[in-house]
$ cat data.txt   # compact mmCIF, C-alpha atoms and all ligand atoms
# COMPACT_ATOMS: atom_id res chain seq x y z
CA MET A 1 0.00 0.00 0.00
CA LYS A 2 1.59 3.26 -1.11
CA TYR A 3 -1.02 5.29 0.82
CA SER A 4 -2.90 4.65 4.06
CA HIS A 5 -5.31 7.62 4.12
CA LEU A 6 -7.43 8.72 1.16
CA LEU A 7 -9.19 12.10 1.32
CA PHE A 8 -12.06 12.35 -1.14
CA ASP A 9 -13.75 15.47 -2.39
CA ALA A 10 -17.55 14.95 -2.61
CA ASP A 11 -19.12 17.02 -5.41
CA ASN A 12 -18.33 15.75 -8.91
CA THR A 13 -15.82 13.29 -7.45
CA LEU A 14 -18.07 10.80 -5.60
CA PHE A 15 -21.41 12.53 -6.17
CA ASP A 16 -22.80 13.55 -9.54
CA PHE A 17 -23.47 17.10 -8.43
CA ASP A 18 -24.08 18.50 -11.93
CA GLY A 19 -26.81 15.91 -12.63
CA SER A 20 -28.51 16.27 -9.22
CA SER A 21 -28.35 20.03 -9.30
CA LYS A 22 -30.23 20.30 -12.60
CA LYS A 23 -32.93 17.90 -11.36
CA ALA A 24 -33.22 19.74 -8.03
CA PHE A 25 -33.47 23.08 -9.80
CA ASP A 26 -36.21 21.86 -12.18
CA GLN A 27 -38.14 20.45 -9.23
CA PHE A 28 -37.81 23.75 -7.37
CA ILE A 29 -39.11 25.75 -10.36
CA GLN A 30 -42.10 23.43 -10.57
CA HIS A 31 -42.67 23.59 -6.81
CA ILE A 32 -42.90 27.39 -6.70
CA GLY A 33 -45.28 27.38 -9.65
CA LEU A 34 -43.08 29.08 -12.23
CA ASP A 35 -43.56 28.28 -15.88
CA PRO A 36 -40.32 26.35 -16.67
CA LYS A 37 -38.16 28.00 -19.31
CA GLU A 38 -35.28 26.43 -21.18
CA ASP A 39 -32.65 28.97 -20.07
CA TYR A 40 -33.61 29.27 -16.36
CA TYR A 41 -30.99 26.82 -15.15
CA ARG A 42 -28.26 28.53 -17.17
CA ILE A 43 -29.29 31.91 -15.76
CA TYR A 44 -29.24 30.50 -12.22
CA GLN A 45 -25.79 29.00 -12.80
CA ILE A 46 -24.33 32.36 -13.83
CA GLY A 47 -25.35 33.91 -10.49
CA ASN A 48 -24.41 30.78 -8.57
CA HIS A 49 -20.87 30.73 -10.00
CA GLN A 50 -20.55 34.42 -9.26
CA VAL A 51 -21.44 34.04 -5.57
CA TRP A 52 -19.18 30.99 -5.12
CA ASN A 53 -16.29 32.95 -6.68
CA ASP A 54 -17.04 35.87 -4.37
CA PHE A 55 -17.09 33.45 -1.44
CA GLU A 56 -13.69 31.96 -2.42
CA GLN A 57 -12.27 35.47 -2.52
CA GLY A 58 -13.66 36.19 0.93
CA LYS A 59 -16.15 38.76 -0.36
CA LEU A 60 -19.22 37.10 1.14
CA THR A 61 -20.21 34.37 3.59
CA THR A 62 -22.05 31.14 2.82
CA GLU A 63 -25.02 32.58 4.74
CA ILE A 64 -25.32 35.30 2.12
CA LEU A 65 -24.33 33.01 -0.75
CA ARG A 66 -27.29 30.73 0.01
CA TRP A 67 -30.00 33.31 -0.78
CA LYS A 68 -28.01 35.73 -2.95
CA ARG A 69 -27.84 33.30 -5.90
CA PHE A 70 -31.65 33.01 -5.91
CA ASP A 71 -32.05 36.75 -5.47
CA LEU A 72 -29.87 37.23 -8.59
CA PHE A 73 -31.86 34.60 -10.45
CA PHE A 74 -35.28 36.08 -9.60
CA LYS A 75 -34.07 39.57 -10.51
CA SER A 76 -32.68 38.31 -13.86
CA ILE A 77 -36.01 36.77 -14.85
CA GLY A 78 -38.07 39.62 -13.39
CA VAL A 79 -39.92 37.62 -10.77
CA ASP A 80 -40.54 38.65 -7.15
CA ARG A 81 -40.13 35.64 -4.83
CA ASP A 82 -38.48 34.91 -1.49
CA PRO A 83 -34.84 33.90 -2.18
CA HIS A 84 -34.43 32.39 1.32
CA LYS A 85 -37.33 29.99 0.80
CA ALA A 86 -36.04 29.21 -2.68
CA ASN A 87 -32.67 28.19 -1.26
CA THR A 88 -34.21 25.94 1.39
CA LEU A 89 -36.35 24.20 -1.22
CA TYR A 90 -33.49 23.74 -3.65
CA LEU A 91 -31.12 22.32 -1.00
CA GLY A 92 -33.80 19.86 0.12
CA PHE A 93 -34.30 18.66 -3.45
CA LEU A 94 -30.53 18.42 -3.89
CA VAL A 95 -30.47 15.77 -1.14
CA ASP A 96 -33.56 14.03 -2.59
CA PHE A 97 -31.96 13.76 -6.04
CA ALA A 98 -28.48 12.78 -4.83
CA SER A 99 -26.74 10.37 -7.17
CA LEU A 100 -23.29 8.84 -7.28
CA ILE A 101 -20.65 8.96 -10.00
CA PRO A 102 -20.58 5.52 -11.70
CA GLY A 103 -18.20 3.21 -9.84
CA ALA A 104 -18.02 5.36 -6.69
CA ARG A 105 -19.68 2.88 -4.32
CA GLU A 106 -17.67 -0.05 -5.71
CA LEU A 107 -14.46 1.93 -5.28
CA LEU A 108 -15.22 2.87 -1.67
CA ASP A 109 -16.21 -0.70 -0.92
CA ASN A 110 -12.99 -2.08 -2.36
CA LEU A 111 -10.80 0.48 -0.56
CA LYS A 112 -12.54 -0.03 2.79
CA ARG A 113 -12.23 -3.82 2.51
CA ASN A 114 -8.53 -3.42 1.82
CA GLY A 115 -7.94 -1.43 4.98
CA TYR A 116 -7.59 2.16 3.79
CA THR A 117 -8.74 4.97 6.04
CA LEU A 118 -11.18 7.11 4.09
CA ALA A 119 -12.37 10.66 4.65
CA ILE A 120 -14.55 13.21 2.89
CA ILE A 121 -13.24 16.75 2.49
CA THR A 122 -15.85 19.05 1.01
CA ASN A 123 -16.46 22.74 0.47
CA GLY A 124 -20.22 22.23 0.17
CA LEU A 125 -23.08 23.42 2.36
CA LYS A 126 -23.91 21.63 5.61
CA GLU A 127 -27.62 21.12 4.82
CA VAL A 128 -26.55 18.97 1.89
CA GLN A 129 -23.29 17.18 2.67
CA LYS A 130 -23.94 14.84 5.60
CA PRO A 131 -27.66 14.26 4.82
CA ARG A 132 -26.71 13.26 1.28
CA ILE A 133 -23.93 10.89 2.44
CA LYS A 134 -26.44 9.35 4.86
CA LYS A 135 -29.16 9.08 2.22
CA LYS A 136 -26.81 7.12 -0.06
CA ASN A 137 -25.72 4.88 2.85
CA LEU A 138 -22.07 5.88 2.64
CA THR A 139 -21.47 7.16 6.18
CA HIS A 140 -19.86 3.93 7.43
CA TYR A 141 -17.05 4.17 4.85
CA PHE A 142 -15.59 7.34 6.34
CA ASN A 143 -13.55 7.94 9.48
CA SER A 144 -13.97 11.69 9.04
CA ILE A 145 -16.34 13.93 7.12
CA ILE A 146 -15.02 17.48 7.02
CA VAL A 147 -17.46 20.11 5.73
CA SER A 148 -16.00 23.60 5.21
CA ASP A 149 -19.34 25.17 6.04
CA GLU A 150 -19.25 23.53 9.50
CA ILE A 151 -15.66 24.43 10.40
CA GLY A 152 -15.66 27.91 8.83
CA ILE A 153 -12.63 27.35 6.61
CA ALA A 154 -12.46 25.99 3.07
CA LYS A 155 -10.07 24.17 0.71
CA PRO A 156 -7.41 25.07 -0.45
CA ASP A 157 -6.53 26.77 2.86
CA PRO A 158 -3.84 24.72 4.66
CA LEU A 159 -5.82 25.18 7.89
CA PHE A 160 -8.65 23.11 6.36
CA PHE A 161 -6.16 20.26 5.83
CA GLU A 162 -4.66 20.77 9.29
CA ILE A 163 -8.11 20.32 10.86
CA THR A 164 -8.66 17.25 8.68
CA ALA A 165 -5.30 15.82 9.83
CA ASP A 166 -6.29 16.50 13.47
CA THR A 167 -9.41 14.34 13.10
CA LEU A 168 -7.32 11.54 11.56
CA MET A 169 -4.63 11.74 14.27
CA HIS A 170 -1.99 13.19 11.95
CA PRO A 171 -1.04 10.39 9.57
CA ASP A 172 2.38 10.51 7.87
CA LYS A 173 1.99 13.15 5.13
CA LYS A 174 3.60 10.84 2.56
CA LYS A 175 0.86 8.27 3.16
CA VAL A 176 -2.04 10.62 2.43
CA LEU A 177 -3.62 11.14 -1.00
CA VAL A 178 -6.13 13.87 -1.87
CA ILE A 179 -8.60 12.86 -4.60
CA GLY A 180 -10.83 15.42 -6.29
CA ASP A 181 -12.05 17.08 -9.48
CA SER A 182 -11.06 20.65 -8.61
CA LEU A 183 -7.60 21.96 -9.43
CA THR A 184 -8.05 25.16 -7.42
CA SER A 185 -9.43 23.64 -4.20
CA ASP A 186 -8.46 19.94 -4.10
CA MET A 187 -5.16 19.79 -6.00
CA GLN A 188 -3.93 23.20 -4.89
CA GLY A 189 -4.98 22.42 -1.33
CA GLY A 190 -3.04 19.15 -1.33
CA ASN A 191 -0.02 20.87 -2.89
CA ASN A 192 -0.09 23.62 -0.24
CA TYR A 193 -0.25 21.19 2.66
CA GLY A 194 2.30 18.71 1.30
CA TYR A 195 -0.02 15.83 0.40
CA ASP A 196 0.11 13.91 -2.87
CA THR A 197 -2.88 14.54 -5.10
CA CYS A 198 -4.95 12.69 -7.67
CA TRP A 199 -6.94 14.78 -10.13
CA TYR A 200 -10.19 13.14 -11.23
CA ASN A 201 -10.54 14.62 -14.69
CA PRO A 202 -13.24 12.61 -16.54
CA ARG A 203 -13.63 15.13 -19.36
CA GLY A 204 -9.90 15.48 -20.05
CA LYS A 205 -9.76 19.18 -19.22
CA GLU A 206 -6.51 21.08 -19.66
CA ASN A 207 -4.68 22.15 -16.50
CA LYS A 208 -4.34 25.92 -16.77
CA SER A 209 -3.90 26.38 -13.02
CA THR A 210 -0.82 26.54 -10.84
CA ALA A 211 -1.80 23.24 -9.17
CA ARG A 212 0.43 20.24 -9.85
CA PRO A 213 -1.46 16.97 -9.42
CA THR A 214 0.70 13.92 -8.63
CA TYR A 215 -1.65 11.71 -10.68
CA VAL A 216 -4.47 12.24 -13.16
CA VAL A 217 -7.29 9.72 -13.72
CA THR A 218 -10.30 9.84 -16.02
CA GLN A 219 -12.16 7.00 -14.26
CA LEU A 220 -12.55 6.33 -10.55
CA GLN A 221 -11.44 2.69 -10.84
CA GLU A 222 -7.97 3.84 -11.93
CA ILE A 223 -7.41 5.01 -8.34
CA LEU A 224 -7.06 1.34 -7.29
CA LYS A 225 -3.88 1.04 -9.36
CA ILE A 226 -2.35 4.15 -7.75
CA VAL A 227 -2.92 3.52 -4.06
MG MG B 301 -15.64 18.72 -6.45

$ encode --input "data.txt" --output "structure tokens" --more "lines below"
Ligand SMILES: [Mg+2]
Amino acid sequence: MKYSHLLFDADNTLFDFDGSSKKAFDQFIQHIGLDPKEDYYRIYQIGNHQVWNDFEQGKLTTEILRWKRFDLFFKSIGVDRDPHKANTLYLGFLVDFASLIPGARELLDNLKRNGYTLAIITNGLKEVQKPRIKKKNLTHYFNSIIVSDEIGIAKPDPLFFEITADTLMHPDKKKVLVIGDSLTSDMQGGNNYGYDTCWYNPRGKENKSTARPTYVVTQLQEILKIV
């Protein structure tokens, strides 16, 4: 075993966030009685990306981010609705429609059986992360589940990884591998803290960031050959 501790990102690494998000959004539009329009989701995503970027740059908190993205969306389409209620509905549907990336459960099962210590490290919102892991019956695989929204610090900040290491009783840094789809939070975070990293890059994107992944895989099963 080259590694003993594997730290997994959640969204778009183990969970198909993009798929669930679209379904949750459509359900939310229907629930509030809006006439669904083709470009609504795209319009929502523009505002959503904007607030997450602002959050990463420390310009706003996740408390504001939650409703602000729906406020931007409603303003863009010229509708007057409560953005706080919208957020609560959407997050609830996001848990309801949770789905896994193909091969994720099999991978976790294999790794757990073979004695690896597994953890989740996610920058997502607390209403979604643990309820979704529970809903998909994955909780027992993980020794630690670290949610940025609960600890008040996010990847790629080294402090996020320090807190993660605390919960895992500080394993040898050379024996820890960070696995995730994001160059800026997962790979950069691992680089900053001195952990090896594995970039899950299913669509073969180009690396235009400063992050330097130790490995790159396009399918989750390839991780078995690395660890
Ligand atoms: Mg991710």

$ residues_near_ligand --input "data.txt" --ligand "ligand MG 301 (chain B)" --cutoff "6 Å" --atoms "only C-alpha atoms and all ligand atoms" --output "PyMOL selection string"
chain A and resi 9-13+180-182

$ closest_residue --input "data.txt" --among "A:Gln188, A:Ser20, A:Thr210, A:Thr62" --to "Asp149 (chain A)" --atoms "all atoms listed in the file"
A:Thr62

$ residues_around --input "data.txt" --residues "region 38-54 of chain A" --least-positions-apart "2" --cutoff "6 Å" --atoms "all atoms listed in the file" --output "PyMOL selection string"
chain A and resi 56-57+59+65+69+72-73

$ closest_atom_pairs --input "data.txt" --of "region 112-158 of chain A" --to "region 192-208 of chain A" --cutoff "8 Å" --atoms "only C-alpha atoms" --output "tab-separated table"
residue	atom	partner	partner_atom	distance
A:Pro156	CA	A:Asn192	CA	7.5
A:Asp157	CA	A:Asn192	CA	7.8
A:Pro158	CA	A:Tyr193	CA	5.4

$ write_last_selection --input "data.txt" --atoms "C-alpha atoms" --output "CSV table (one decimal), in the coordinates of the input"
chain,number,residue,atom,x,y,z
A,156,PRO,CA,-7.4,25.1,-0.4
A,157,ASP,CA,-6.5,26.8,2.9
A,158,PRO,CA,-3.8,24.7,4.7

$ residues_near_point --input "data.txt" --point "(-25.4, 17.8, -2.5)" --cutoff "10 Å" --atoms "only C-alpha atoms" --output "MDAnalysis selection string"
chainID A and resid 10:12 15:18 20:21 24 91:99 124:133

$ atom_distance --input "data.txt" --atom1 "CA of Leu60 (chain A)" --atom2 "CA of Phe160 (chain A)"
18.3 Å

$ closest_residue --input "data.txt" --among "A:Phe70, A:Tyr90, A:Tyr141, A:Tyr116" --to "Leu6 (chain A)" --atoms "all atoms listed in the file"
A:Tyr116

$ closest_residue --input "data.txt" --among "A:Leu89, A:Gly115, A:Trp67, A:Ser4" --to "Gln27 (chain A)" --atoms "only C-alpha atoms"
A:Leu89

$ axis_aligned_box --input "data.txt" --around "region 221-226 of chain A" --padding-each-side "5 Å" --output "lines of an AutoDock Vina configuration file"
center_x = -6.9
center_y = 3.0
center_z = -9.6
size_x = 19.1
size_y = 14.0
size_z = 14.6

$ residues_around --input "data.txt" --residues "Asp109 (chain A)" --least-positions-apart "3" --cutoff "12 Å" --atoms "all atoms listed in the file" --output "PyMOL selection string"
chain A and resi 103-106+112-118+137-142+221+224

$ write_last_selection --input "data.txt" --atoms "C-alpha atoms" --output "compact mmCIF listing (two decimals), keeping the file's coordinate frame"
# COMPACT_ATOMS: atom_id res chain seq x y z
CA GLY A 103 -18.20 3.21 -9.84
CA ALA A 104 -18.02 5.36 -6.69
CA ARG A 105 -19.68 2.88 -4.32
CA GLU A 106 -17.67 -0.05 -5.71
CA LYS A 112 -12.54 -0.03 2.79
CA ARG A 113 -12.23 -3.82 2.51
CA ASN A 114 -8.53 -3.42 1.82
CA GLY A 115 -7.94 -1.43 4.98
CA TYR A 116 -7.59 2.16 3.79
CA THR A 117 -8.74 4.97 6.04
CA LEU A 118 -11.18 7.11 4.09
CA ASN A 137 -25.72 4.88 2.85
CA LEU A 138 -22.07 5.88 2.64
CA THR A 139 -21.47 7.16 6.18
CA HIS A 140 -19.86 3.93 7.43
CA TYR A 141 -17.05 4.17 4.85
CA PHE A 142 -15.59 7.34 6.34
CA GLN A 221 -11.44 2.69 -10.84
CA LEU A 224 -7.06 1.34 -7.29

$ decode --input "data.txt" --residues "region 6-135 of chain A" --atoms "C-alpha atoms" --output "PDB file, in the first residue's frame"
ATOM      1  CA  LEU A   6      -7.427   8.722   1.159  1.00  0.00           C
ATOM      2  CA  LEU A   7      -9.194  12.097   1.316  1.00  0.00           C
ATOM      3  CA  PHE A   8     -12.058  12.350  -1.138  1.00  0.00           C
ATOM      4  CA  ASP A   9     -13.747  15.473  -2.385  1.00  0.00           C
ATOM      5  CA  ALA A  10     -17.552  14.950  -2.615  1.00  0.00           C
ATOM      6  CA  ASP A  11     -19.122  17.016  -5.407  1.00  0.00           C
ATOM      7  CA  ASN A  12     -18.329  15.754  -8.911  1.00  0.00           C
ATOM      8  CA  THR A  13     -15.824  13.294  -7.449  1.00  0.00           C
ATOM      9  CA  LEU A  14     -18.066  10.802  -5.604  1.00  0.00           C
ATOM     10  CA  PHE A  15     -21.411  12.530  -6.166  1.00  0.00           C
ATOM     11  CA  ASP A  16     -22.803  13.547  -9.540  1.00  0.00           C
ATOM     12  CA  PHE A  17     -23.467  17.104  -8.426  1.00  0.00           C
ATOM     13  CA  ASP A  18     -24.081  18.499 -11.928  1.00  0.00           C
ATOM     14  CA  GLY A  19     -26.809  15.914 -12.634  1.00  0.00           C
ATOM     15  CA  SER A  20     -28.509  16.265  -9.225  1.00  0.00           C
ATOM     16  CA  SER A  21     -28.346  20.032  -9.303  1.00  0.00           C
ATOM     17  CA  LYS A  22     -30.227  20.296 -12.604  1.00  0.00           C
ATOM     18  CA  LYS A  23     -32.928  17.899 -11.357  1.00  0.00           C
ATOM     19  CA  ALA A  24     -33.224  19.740  -8.027  1.00  0.00           C
ATOM     20  CA  PHE A  25     -33.469  23.076  -9.803  1.00  0.00           C
ATOM     21  CA  ASP A  26     -36.209  21.858 -12.183  1.00  0.00           C
ATOM     22  CA  GLN A  27     -38.143  20.453  -9.228  1.00  0.00           C
ATOM     23  CA  PHE A  28     -37.806  23.746  -7.373  1.00  0.00           C
ATOM     24  CA  ILE A  29     -39.111  25.749 -10.360  1.00  0.00           C
ATOM     25  CA  GLN A  30     -42.099  23.433 -10.567  1.00  0.00           C
ATOM     26  CA  HIS A  31     -42.674  23.593  -6.805  1.00  0.00           C
ATOM     27  CA  ILE A  32     -42.904  27.388  -6.700  1.00  0.00           C
ATOM     28  CA  GLY A  33     -45.283  27.382  -9.650  1.00  0.00           C
ATOM     29  CA  LEU A  34     -43.084  29.082 -12.232  1.00  0.00           C
ATOM     30  CA  ASP A  35     -43.560  28.277 -15.882  1.00  0.00           C
ATOM     31  CA  PRO A  36     -40.321  26.354 -16.665  1.00  0.00           C
ATOM     32  CA  LYS A  37     -38.162  27.998 -19.306  1.00  0.00           C
ATOM     33  CA  GLU A  38     -35.275  26.430 -21.183  1.00  0.00           C
ATOM     34  CA  ASP A  39     -32.648  28.971 -20.069  1.00  0.00           C
ATOM     35  CA  TYR A  40     -33.610  29.269 -16.359  1.00  0.00           C
ATOM     36  CA  TYR A  41     -30.991  26.823 -15.149  1.00  0.00           C
ATOM     37  CA  ARG A  42     -28.262  28.531 -17.170  1.00  0.00           C
ATOM     38  CA  ILE A  43     -29.290  31.909 -15.758  1.00  0.00           C
ATOM     39  CA  TYR A  44     -29.240  30.500 -12.216  1.00  0.00           C
ATOM     40  CA  GLN A  45     -25.786  28.996 -12.796  1.00  0.00           C
ATOM     41  CA  ILE A  46     -24.325  32.364 -13.830  1.00  0.00           C
ATOM     42  CA  GLY A  47     -25.346  33.906 -10.492  1.00  0.00           C
ATOM     43  CA  ASN A  48     -24.407  30.781  -8.568  1.00  0.00           C
ATOM     44  CA  HIS A  49     -20.869  30.731  -9.999  1.00  0.00           C
ATOM     45  CA  GLN A  50     -20.555  34.425  -9.262  1.00  0.00           C
ATOM     46  CA  VAL A  51     -21.439  34.038  -5.574  1.00  0.00           C
ATOM     47  CA  TRP A  52     -19.176  30.995  -5.116  1.00  0.00           C
ATOM     48  CA  ASN A  53     -16.287  32.953  -6.681  1.00  0.00           C
ATOM     49  CA  ASP A  54     -17.037  35.871  -4.373  1.00  0.00           C
ATOM     50  CA  PHE A  55     -17.093  33.450  -1.439  1.00  0.00           C
ATOM     51  CA  GLU A  56     -13.695  31.956  -2.419  1.00  0.00           C
ATOM     52  CA  GLN A  57     -12.268  35.471  -2.521  1.00  0.00           C
ATOM     53  CA  GLY A  58     -13.660  36.191   0.928  1.00  0.00           C
ATOM     54  CA  LYS A  59     -16.150  38.763  -0.356  1.00  0.00           C
ATOM     55  CA  LEU A  60     -19.217  37.102   1.140  1.00  0.00           C
ATOM     56  CA  THR A  61     -20.205  34.371   3.591  1.00  0.00           C
ATOM     57  CA  THR A  62     -22.052  31.136   2.817  1.00  0.00           C
ATOM     58  CA  GLU A  63     -25.022  32.583   4.744  1.00  0.00           C
ATOM     59  CA  ILE A  64     -25.322  35.304   2.118  1.00  0.00           C
ATOM     60  CA  LEU A  65     -24.328  33.013  -0.752  1.00  0.00           C
ATOM     61  CA  ARG A  66     -27.294  30.735   0.009  1.00  0.00           C
ATOM     62  CA  TRP A  67     -29.997  33.309  -0.775  1.00  0.00           C
ATOM     63  CA  LYS A  68     -28.012  35.731  -2.954  1.00  0.00           C
ATOM     64  CA  ARG A  69     -27.839  33.300  -5.901  1.00  0.00           C
ATOM     65  CA  PHE A  70     -31.652  33.009  -5.912  1.00  0.00           C
ATOM     66  CA  ASP A  71     -32.046  36.745  -5.469  1.00  0.00           C
ATOM     67  CA  LEU A  72     -29.868  37.233  -8.592  1.00  0.00           C
ATOM     68  CA  PHE A  73     -31.860  34.598 -10.452  1.00  0.00           C
ATOM     69  CA  PHE A  74     -35.278  36.077  -9.603  1.00  0.00           C
ATOM     70  CA  LYS A  75     -34.069  39.574 -10.513  1.00  0.00           C
ATOM     71  CA  SER A  76     -32.678  38.307 -13.864  1.00  0.00           C
ATOM     72  CA  ILE A  77     -36.008  36.767 -14.848  1.00  0.00           C
ATOM     73  CA  GLY A  78     -38.069  39.624 -13.391  1.00  0.00           C
ATOM     74  CA  VAL A  79     -39.919  37.618 -10.768  1.00  0.00           C
ATOM     75  CA  ASP A  80     -40.538  38.655  -7.153  1.00  0.00           C
ATOM     76  CA  ARG A  81     -40.126  35.641  -4.830  1.00  0.00           C
ATOM     77  CA  ASP A  82     -38.480  34.911  -1.494  1.00  0.00           C
ATOM     78  CA  PRO A  83     -34.843  33.896  -2.180  1.00  0.00           C
ATOM     79  CA  HIS A  84     -34.434  32.393   1.317  1.00  0.00           C
ATOM     80  CA  LYS A  85     -37.335  29.985   0.803  1.00  0.00           C
ATOM     81  CA  ALA A  86     -36.036  29.210  -2.679  1.00  0.00           C
ATOM     82  CA  ASN A  87     -32.668  28.188  -1.264  1.00  0.00           C
ATOM     83  CA  THR A  88     -34.214  25.943   1.392  1.00  0.00           C
ATOM     84  CA  LEU A  89     -36.354  24.200  -1.215  1.00  0.00           C
ATOM     85  CA  TYR A  90     -33.491  23.740  -3.648  1.00  0.00           C
ATOM     86  CA  LEU A  91     -31.119  22.322  -1.003  1.00  0.00           C
ATOM     87  CA  GLY A  92     -33.803  19.861   0.116  1.00  0.00           C
ATOM     88  CA  PHE A  93     -34.302  18.657  -3.448  1.00  0.00           C
ATOM     89  CA  LEU A  94     -30.534  18.416  -3.892  1.00  0.00           C
ATOM     90  CA  VAL A  95     -30.468  15.774  -1.138  1.00  0.00           C
ATOM     91  CA  ASP A  96     -33.561  14.031  -2.589  1.00  0.00           C
ATOM     92  CA  PHE A  97     -31.959  13.761  -6.036  1.00  0.00           C
ATOM     93  CA  ALA A  98     -28.482  12.783  -4.830  1.00  0.00           C
ATOM     94  CA  SER A  99     -26.739  10.372  -7.171  1.00  0.00           C
ATOM     95  CA  LEU A 100     -23.292   8.841  -7.283  1.00  0.00           C
ATOM     96  CA  ILE A 101     -20.652   8.958 -10.000  1.00  0.00           C
ATOM     97  CA  PRO A 102     -20.578   5.521 -11.703  1.00  0.00           C
ATOM     98  CA  GLY A 103     -18.204   3.207  -9.838  1.00  0.00           C
ATOM     99  CA  ALA A 104     -18.016   5.363  -6.687  1.00  0.00           C
ATOM    100  CA  ARG A 105     -19.677   2.878  -4.324  1.00  0.00           C
ATOM    101  CA  GLU A 106     -17.667  -0.054  -5.715  1.00  0.00           C
ATOM    102  CA  LEU A 107     -14.461   1.935  -5.284  1.00  0.00           C
ATOM    103  CA  LEU A 108     -15.217   2.874  -1.670  1.00  0.00           C
ATOM    104  CA  ASP A 109     -16.208  -0.698  -0.920  1.00  0.00           C
ATOM    105  CA  ASN A 110     -12.988  -2.075  -2.361  1.00  0.00           C
ATOM    106  CA  LEU A 111     -10.798   0.476  -0.557  1.00  0.00           C
ATOM    107  CA  LYS A 112     -12.537  -0.029   2.790  1.00  0.00           C
ATOM    108  CA  ARG A 113     -12.233  -3.816   2.508  1.00  0.00           C
ATOM    109  CA  ASN A 114      -8.532  -3.420   1.821  1.00  0.00           C
ATOM    110  CA  GLY A 115      -7.937  -1.430   4.985  1.00  0.00           C
ATOM    111  CA  TYR A 116      -7.593   2.156   3.788  1.00  0.00           C
ATOM    112  CA  THR A 117      -8.738   4.969   6.044  1.00  0.00           C
ATOM    113  CA  LEU A 118     -11.183   7.109   4.088  1.00  0.00           C
ATOM    114  CA  ALA A 119     -12.371  10.662   4.648  1.00  0.00           C
ATOM    115  CA  ILE A 120     -14.546  13.208   2.889  1.00  0.00           C
ATOM    116  CA  ILE A 121     -13.238  16.748   2.494  1.00  0.00           C
ATOM    117  CA  THR A 122     -15.855  19.050   1.007  1.00  0.00           C
ATOM    118  CA  ASN A 123     -16.461  22.744   0.470  1.00  0.00           C
ATOM    119  CA  GLY A 124     -20.220  22.226   0.174  1.00  0.00           C
ATOM    120  CA  LEU A 125     -23.085  23.419   2.363  1.00  0.00           C
ATOM    121  CA  LYS A 126     -23.913  21.633   5.613  1.00  0.00           C
ATOM    122  CA  GLU A 127     -27.617  21.125   4.816  1.00  0.00           C
ATOM    123  CA  VAL A 128     -26.546  18.967   1.889  1.00  0.00           C
ATOM    124  CA  GLN A 129     -23.290  17.183   2.669  1.00  0.00           C
ATOM    125  CA  LYS A 130     -23.938  14.837   5.603  1.00  0.00           C
ATOM    126  CA  PRO A 131     -27.664  14.256   4.824  1.00  0.00           C
ATOM    127  CA  ARG A 132     -26.705  13.257   1.276  1.00  0.00           C
ATOM    128  CA  ILE A 133     -23.931  10.893   2.441  1.00  0.00           C
ATOM    129  CA  LYS A 134     -26.440   9.346   4.864  1.00  0.00           C
ATOM    130  CA  LYS A 135     -29.159   9.083   2.220  1.00  0.00           C
TER     131      LYS A 135
END
